[in-house]
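Shown below: query.cif, with mmCIF, C-alpha atoms and all ligand atoms.
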data_protein
#
loop_
_atom_site.label_atom_id
_atom_site.label_comp_id
_atom_site.auth_asym_id
_atom_site.auth_seq_id
_atom_site.Cartn_x
_atom_site.Cartn_y
_atom_site.Cartn_z
CA MET A 25 0.00 0.00 0.00
CA ARG A 26 1.27 3.46 -0.89
CA LEU A 27 0.91 6.28 1.60
CA GLN A 28 -1.18 9.26 0.50
CA PRO A 29 0.37 11.79 0.31
CA ASP A 30 3.66 10.00 -0.20
CA PHE A 31 7.25 11.04 0.32
CA ILE A 32 10.40 9.02 -0.28
CA HIS A 33 11.18 8.13 3.32
CA GLU A 34 12.80 5.81 5.83
CA PHE A 35 10.90 4.38 8.75
CA VAL A 36 12.79 2.70 11.60
CA PRO A 37 10.55 1.05 14.21
CA GLY A 38 11.22 1.82 17.87
CA THR A 39 10.57 0.22 21.23
CA SER A 40 8.79 3.18 22.86
CA SER A 41 5.57 5.00 21.93
CA ARG A 42 7.52 8.02 20.68
CA THR A 43 8.29 8.82 17.03
CA LEU A 44 10.88 11.33 15.87
CA LEU A 45 10.05 13.09 12.61
CA LEU A 46 13.49 13.78 11.11
CA LEU A 47 13.71 16.70 8.66
CA HIS A 48 16.98 17.24 6.82
CA GLY A 49 18.60 20.47 5.58
CA THR A 50 18.90 21.72 1.97
CA GLY A 51 20.73 19.15 -0.14
CA GLY A 52 20.11 16.35 2.34
CA ASN A 53 18.03 13.22 2.12
CA GLU A 54 16.01 10.74 4.18
CA ARG A 55 19.13 8.95 5.44
CA ASP A 56 21.00 12.00 6.77
CA LEU A 57 19.45 12.37 10.21
CA ILE A 58 18.91 8.69 11.10
CA PRO A 59 22.15 8.56 13.18
CA LEU A 60 21.20 11.85 14.88
CA GLY A 61 17.72 10.51 15.67
CA ARG A 62 19.21 7.37 17.22
CA GLU A 63 21.63 9.46 19.25
CA LEU A 64 18.85 11.69 20.55
CA ASP A 65 16.61 8.77 21.47
CA PRO A 66 17.73 5.12 21.10
CA ASN A 67 14.18 3.82 21.67
CA ALA A 68 11.98 6.06 19.51
CA ALA A 69 10.66 5.12 16.09
CA LEU A 70 12.15 7.30 13.34
CA LEU A 71 10.24 8.69 10.37
CA SER A 72 12.49 10.48 7.91
CA PRO A 73 11.03 11.90 4.67
CA ARG A 74 12.98 13.46 1.80
CA GLY A 75 11.95 17.00 0.84
CA LYS A 76 10.12 17.07 -2.51
CA VAL A 77 11.34 20.43 -3.83
CA LEU A 78 14.55 20.48 -5.86
CA GLU A 79 16.79 23.55 -5.89
CA ASN A 80 19.62 23.00 -8.37
CA GLY A 81 19.17 19.29 -7.77
CA MET A 82 19.21 19.67 -3.97
CA PRO A 83 16.17 18.38 -2.06
CA ARG A 84 14.37 20.85 0.21
CA PHE A 85 11.01 20.89 1.98
CA PHE A 86 9.67 24.06 0.30
CA ARG A 87 10.60 26.60 -2.36
CA ARG A 88 12.50 29.79 -1.62
CA LEU A 89 12.91 32.91 -3.75
CA ALA A 90 16.34 33.72 -2.29
CA GLU A 91 18.28 32.71 0.80
CA GLY A 92 15.97 33.36 3.75
CA VAL A 93 13.13 34.60 1.47
CA PHE A 94 10.46 31.95 1.30
CA ASP A 95 7.71 31.24 -1.24
CA LEU A 96 4.93 31.45 1.35
CA GLU A 97 2.21 29.81 -0.75
CA ASP A 98 4.49 26.87 -1.44
CA LEU A 99 5.55 26.73 2.21
CA LYS A 100 1.90 26.53 3.37
CA HIS A 101 1.08 23.86 0.80
CA ARG A 102 4.18 21.79 1.61
CA THR A 103 3.58 22.10 5.36
CA ASN A 104 0.05 20.69 5.03
CA GLU A 105 1.25 17.97 2.68
CA LEU A 106 3.96 16.92 5.14
CA ALA A 107 1.52 16.98 8.07
CA ASP A 108 -0.90 14.78 6.08
CA PHE A 109 1.96 12.42 5.29
CA VAL A 110 2.81 12.07 9.00
CA ALA A 111 -0.85 11.28 9.77
CA ALA A 112 -0.96 8.68 6.95
CA ALA A 113 2.36 7.18 8.09
CA ALA A 114 1.04 6.86 11.68
CA GLN A 115 -1.86 4.76 10.38
CA HIS A 116 0.28 2.75 8.00
CA TYR A 117 3.10 1.92 10.45
CA GLY A 118 0.89 1.91 13.55
CA PHE A 119 2.70 4.55 15.59
CA ALA A 120 0.96 6.98 17.97
CA SER A 121 0.13 10.20 16.11
CA ASP A 122 -0.08 12.11 19.41
CA ASN A 123 3.53 11.43 20.40
CA VAL A 124 5.50 12.77 17.44
CA ILE A 125 8.52 15.01 18.01
CA ALA A 126 9.99 16.90 15.06
CA VAL A 127 13.78 17.08 14.82
CA GLY A 128 14.80 19.47 12.05
CA TYR A 129 18.01 21.03 10.82
CA SER A 130 18.05 24.31 8.84
CA ASN A 131 15.46 23.98 6.05
CA GLY A 132 14.02 20.99 7.93
CA ALA A 133 13.81 23.04 11.15
CA ASN A 134 12.01 25.77 9.23
CA ILE A 135 9.28 23.46 7.95
CA ALA A 136 8.99 21.95 11.45
CA ALA A 137 8.44 25.48 12.83
CA SER A 138 5.88 26.06 10.07
CA MET A 139 4.09 22.85 11.10
CA LEU A 140 3.98 24.07 14.72
CA LEU A 141 2.35 27.29 13.52
CA LEU A 142 -0.06 25.87 10.90
CA ARG A 143 -0.76 22.31 12.09
CA PRO A 144 -0.09 22.48 15.85
CA GLU A 145 -2.03 19.26 16.53
CA MET A 146 0.63 17.22 14.72
CA LEU A 147 3.57 17.72 17.08
CA ARG A 148 4.02 17.16 20.77
CA ALA A 149 7.45 18.76 20.78
CA ALA A 150 10.18 19.95 18.43
CA ILE A 151 13.95 20.20 18.32
CA LEU A 152 14.95 22.94 15.91
CA PHE A 153 18.59 23.30 14.91
CA ARG A 154 19.35 26.66 13.15
CA ALA A 155 15.72 27.70 12.60
CA MET A 156 14.22 31.04 11.56
CA VAL A 157 10.67 32.46 11.44
CA PRO A 158 9.13 30.60 8.48
CA LEU A 159 5.91 32.64 8.32
CA ILE A 160 3.50 34.58 10.51
CA PRO A 161 0.27 32.58 10.77
CA GLU A 162 -3.09 34.30 10.14
CA THR A 163 -4.50 32.82 13.33
CA GLN A 164 -2.40 32.15 16.38
CA PRO A 165 -2.11 28.44 17.15
CA ASN A 166 -2.56 27.08 20.67
CA LEU A 167 0.84 25.62 21.58
CA SER A 168 0.25 25.52 25.32
CA SER A 169 0.98 21.79 25.52
CA VAL A 170 3.98 21.89 23.16
CA ARG A 171 7.65 22.02 24.16
CA VAL A 172 10.32 23.34 21.83
CA TRP A 173 14.11 23.32 22.01
CA ILE A 174 15.90 25.72 19.65
CA GLY A 175 19.63 25.50 18.95
CA ALA A 176 21.20 28.67 17.54
CA GLY A 177 24.76 29.23 16.29
CA ALA A 178 26.13 32.42 17.87
CA HIS A 179 27.99 33.16 14.59
CA ASP A 180 25.46 31.79 12.12
CA PRO A 181 25.59 33.95 8.94
CA ILE A 182 22.37 32.38 7.55
CA VAL A 183 20.22 32.60 10.69
CA PRO A 184 21.37 35.57 12.81
CA VAL A 185 20.66 35.22 16.55
CA PRO A 186 17.95 37.97 16.60
CA GLU A 187 16.04 35.95 13.98
CA THR A 188 16.10 32.87 16.22
CA LYS A 189 14.94 35.01 19.14
CA ARG A 190 12.03 36.25 17.00
CA LEU A 191 11.01 32.62 16.39
CA ALA A 192 11.24 31.83 20.12
CA GLU A 193 9.02 34.86 20.86
CA LEU A 194 6.45 33.84 18.24
CA LEU A 195 6.22 30.32 19.68
CA ARG A 196 6.11 31.58 23.29
CA ASN A 197 3.32 34.02 22.43
CA ALA A 198 1.35 31.01 21.18
CA GLY A 199 1.88 29.33 24.56
CA ALA A 200 4.79 26.99 23.80
CA ASP A 201 7.41 26.19 26.43
CA VAL A 202 10.60 27.18 24.56
CA ALA A 203 14.20 26.43 25.59
CA MET A 204 16.96 28.30 23.75
CA HIS A 205 20.49 26.99 23.44
CA TYR A 206 23.37 29.02 21.96
CA CYS A 207 26.48 27.35 20.59
CA GLU A 208 29.85 28.85 19.67
CA ALA A 209 29.23 27.85 16.05
CA GLY A 210 28.00 28.95 12.66
CA HIS A 211 25.22 27.29 10.66
CA GLU A 212 26.79 23.85 11.02
CA LEU A 213 25.56 21.36 13.60
CA THR A 214 28.05 20.71 16.41
CA PRO A 215 28.44 17.95 19.03
CA ALA A 216 27.57 20.58 21.68
CA ASP A 217 24.18 21.14 19.98
CA VAL A 218 23.47 17.43 19.91
CA ASP A 219 24.53 17.00 23.55
CA SER A 220 22.28 19.77 24.74
CA ALA A 221 19.31 18.55 22.66
CA ARG A 222 19.82 14.99 23.97
CA ARG A 223 19.77 16.15 27.59
CA TRP A 224 16.59 18.14 26.95
CA MET A 225 15.03 15.13 25.25
CA GLY A 226 15.94 12.99 28.29
CA LYS A 227 13.98 15.33 30.58
CA LEU A 228 11.01 15.26 28.20
CA LYS A 229 11.11 11.49 28.32
CA ASP A 230 10.94 11.41 32.12
CA GLN A 231 7.63 13.23 31.88
CA ARG A 232 5.98 10.66 29.60
CA GLN A 233 7.15 7.47 27.98
C1 LIG B 1 15.91 27.81 4.27
O1 LIG B 1 15.91 28.04 3.08
O2 LIG B 1 15.08 27.06 4.84
C2 LIG B 1 16.98 28.44 5.08
O3 LIG B 1 17.56 29.50 4.38
C3 LIG B 1 18.02 27.47 5.51
C4 LIG B 1 18.71 26.82 4.33
O4 LIG B 1 18.19 25.86 3.82
O5 LIG B 1 19.77 27.30 3.94
#

Just give me the structure as structure tokens.
Amino acid sequence: MRLQPDFIHEFVPGTSSRTLLLLHGTGGNERDLIPLGRELDPNAALLSPRGKVLENGMPRFFRRLAEGVFDLEDLKHRTNELADFVAAAAQHYGFASDNVIAVGYSNGANIAASMLLLRPEMLRAAILFRAMVPLIPETQPNLSSVRVWIGAGAHDPIVPVPETKRLAELLRNAGADVAMHYCEAGHELTPADVDSARRWMGKLKDQRQ
């Protein structure tokens, strides 16, 4: 049976009721974040789709007009399509749709943030590495039961720190519990980011398995 809507993806079953939705950066694919997902949570199921948009042959999750300038209509469409895919995958693979945590890097973090804003019912929590404000929603979502960890690079030339702070504010105003972590790094992901995210994830786990 094919999932509708479908994405090229990997699914790795887990031994807990939690599923990590892994969302790669520009030029990545569905295999990129599997090791990261395992490192963050050795017991969770992993669902890792490949972005459907190609930019000079590089997969992404939505179109952009320039670096940091997003095609908002495409972003909204792709966000809903991805959310519908997660719901279809939950049915197909039999994982709990109310215990999905997004883990995104760069472009993947941006579509995860967009999903929090447009389809808040899909995610219980999110780990966002190098994320920016993807869009301002027309209606404010209720994120009062959602927890978000954001990892910013103090010297990131693509996502300046004030931009990350703007995203944290937007999510907090919608009720989310947001933890910010700053690394002595640029746009690249560092072991310090992963360490901090893993510790945060451990605390989340203690609250519900
Ligand atoms: C984006 O396009 O989502 C951001 O600029 C991050 C990137 O992919 O470079």

Using the file's own x, y and z axes, what box holds all listed atoms of ligand LIG 1 (chain B) with 3 Å on each side, keeping edges along x, y and z, and what are its centre and edge lengths in Å to one decimal, as AutoDock Vina command-line options?
--center_x 17.4 --center_y 27.7 --center_z 4.3 --size_x 10.7 --size_y 9.6 --size_z 8.4

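Reported to one decimal place, the separation of atom CA of A:Ala192 from atom CA of A:Leu213 is 18.9 Å.
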
Taking only C-alpha atoms into account, which of A:Leu140, A:Leu44, A:Ala149, A:Ala178 comes nearest A:Asn166?
A:Leu140

Give me the residues of chain A that have any atom at most 7 Å from an atom of ligand LIG 1 (chain B); for each, the nearest atom pair and the distance in Å, rounded to one decimal. Use all atoms listed in the file, sort by chain and number, and format it as CSV.
residue,atom,partner,partner_atom,distance
A:Gly49,CA,B:LIG1,O4,5.7
A:Thr50,CA,B:LIG1,O4,4.6
A:Arg88,CA,B:LIG1,O1,6.1
A:Glu91,CA,B:LIG1,O3,4.9
A:Gly92,CA,B:LIG1,O3,4.2
A:Phe94,CA,B:LIG1,O1,6.9
A:Ser130,CA,B:LIG1,C3,4.6
A:Asn131,CA,B:LIG1,O2,3.3
A:Gly132,CA,B:LIG1,O2,6.9
A:Asn134,CA,B:LIG1,O2,5.5
A:Ile182,CA,B:LIG1,O3,6.4

Would you mind exporting C-alpha atoms of the selected residues as a compact mmCIF listing (two decimals), keeping the file's coordinate frame?
# COMPACT_ATOMS: atom_id res chain seq x y z
CA GLY A 49 18.60 20.47 5.58
CA THR A 50 18.90 21.72 1.97
CA ARG A 88 12.50 29.79 -1.62
CA GLU A 91 18.28 32.71 0.80
CA GLY A 92 15.97 33.36 3.75
CA PHE A 94 10.46 31.95 1.30
CA SER A 130 18.05 24.31 8.84
CA ASN A 131 15.46 23.98 6.05
CA GLY A 132 14.02 20.99 7.93
CA ASN A 134 12.01 25.77 9.23
CA ILE A 182 22.37 32.38 7.55

Counting all atoms listed in the file, figure out which residue out of A:Leu64, A:Glu34, A:Val124, A:Leu141 gets nearest to A:Asp219.
A:Leu64

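With distances restricted to all atoms listed in the file, A:His211 is the closest residue to A:Val183 from A:His48, A:His211, A:Arg62, A:His101.
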
Got a sec to check which residues sit within 8 Å of (8.0, 0.6, 17.4), counting all atoms listed in the file, and write them as a PDB file with C-alpha atoms, in the coordinates of the input?
ATOM      1  CA  VAL A  36      12.790   2.700  11.600  1.00  0.00           C
ATOM      2  CA  PRO A  37      10.550   1.050  14.210  1.00  0.00           C
ATOM      3  CA  GLY A  38      11.220   1.820  17.870  1.00  0.00           C
ATOM      4  CA  THR A  39      10.570   0.220  21.230  1.00  0.00           C
ATOM      5  CA  SER A  40       8.790   3.180  22.860  1.00  0.00           C
ATOM      6  CA  SER A  41       5.570   5.000  21.930  1.00  0.00           C
ATOM      7  CA  ALA A  68      11.980   6.060  19.510  1.00  0.00           C
ATOM      8  CA  ALA A  69      10.660   5.120  16.090  1.00  0.00           C
ATOM      9  CA  PHE A 119       2.700   4.550  15.590  1.00  0.00           C
TER      10      PHE A 119
END

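Of the listed residues A:Met156, A:Val172, A:Ala198, A:Leu96, the one whose atoms come nearest to A:Pro186 is A:Met156, with distances taken using all atoms listed in the file.
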
If I put a ball of radius 6 Å at (3.7, 30.8, 5.5) in the file's coordinates, which residues poke into it when counting only C-alpha atoms, written as an MDAnalysis selection string?
chainID A and resid 96 99:100 159

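The list of residues with at least one atom within 8 Å of A:Tyr129, based on only C-alpha atoms and without residues fewer than 6 positions apart in the same chain, reads Leu47, His48, Gly49, Leu152, Phe153, Arg154 and Ala155 of chain A.
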
Skipping near chain neighbours, those fewer than 3 positions away, what residues fall within 8 Å of A:Met204 using only C-alpha atoms, listed as an MDAnalysis selection string?
chainID A and resid 173:176 192

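Each of A:Tyr206, A:Phe109, A:Tyr117, A:Phe85 was compared to A:Phe31 using only C-alpha atoms, and A:Phe109 turns out to be the nearest.
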
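Residue neighbourhood of A:Asn197, excluding near-sequence residues (fewer than 4 positions): Gln164, Pro165, Asn166, Leu167, Ser168, Leu191, Ala192, Glu193 and Asp201 of chain A, at 10 Å, using all atoms listed in the file.
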
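Taking atom CA of A:Gly75 and atom CA of A:Glu54 as the two end points, the separation is 8.2 Å.
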
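Taking atom CA of A:Arg55 as the reference point, atom CA of A:Ala200 is found at 29.5 Å.
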
Exercise: A:Arg102 partners within 9 Å, all atoms listed in the file, chain neighbours under 6 positions left out, as a VMD selection string:
chain A and resid 76 85 to 87 135

Using only C-alpha atoms, which protein or nucleic acid residues come within 8 Å of A:Ala150? Drop anything in the same chain fewer than 5 positions from it, and give the result as a list of chain:residue names.
A:Ile125, A:Ala126, A:Val127, A:Gly128, A:Ala136, A:Arg171, A:Val172, A:Trp173

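Nearest to A:His179 of all the residues A:Cys207, A:Ala221, A:Val93, A:Leu195 is A:Cys207, counting only C-alpha atoms.
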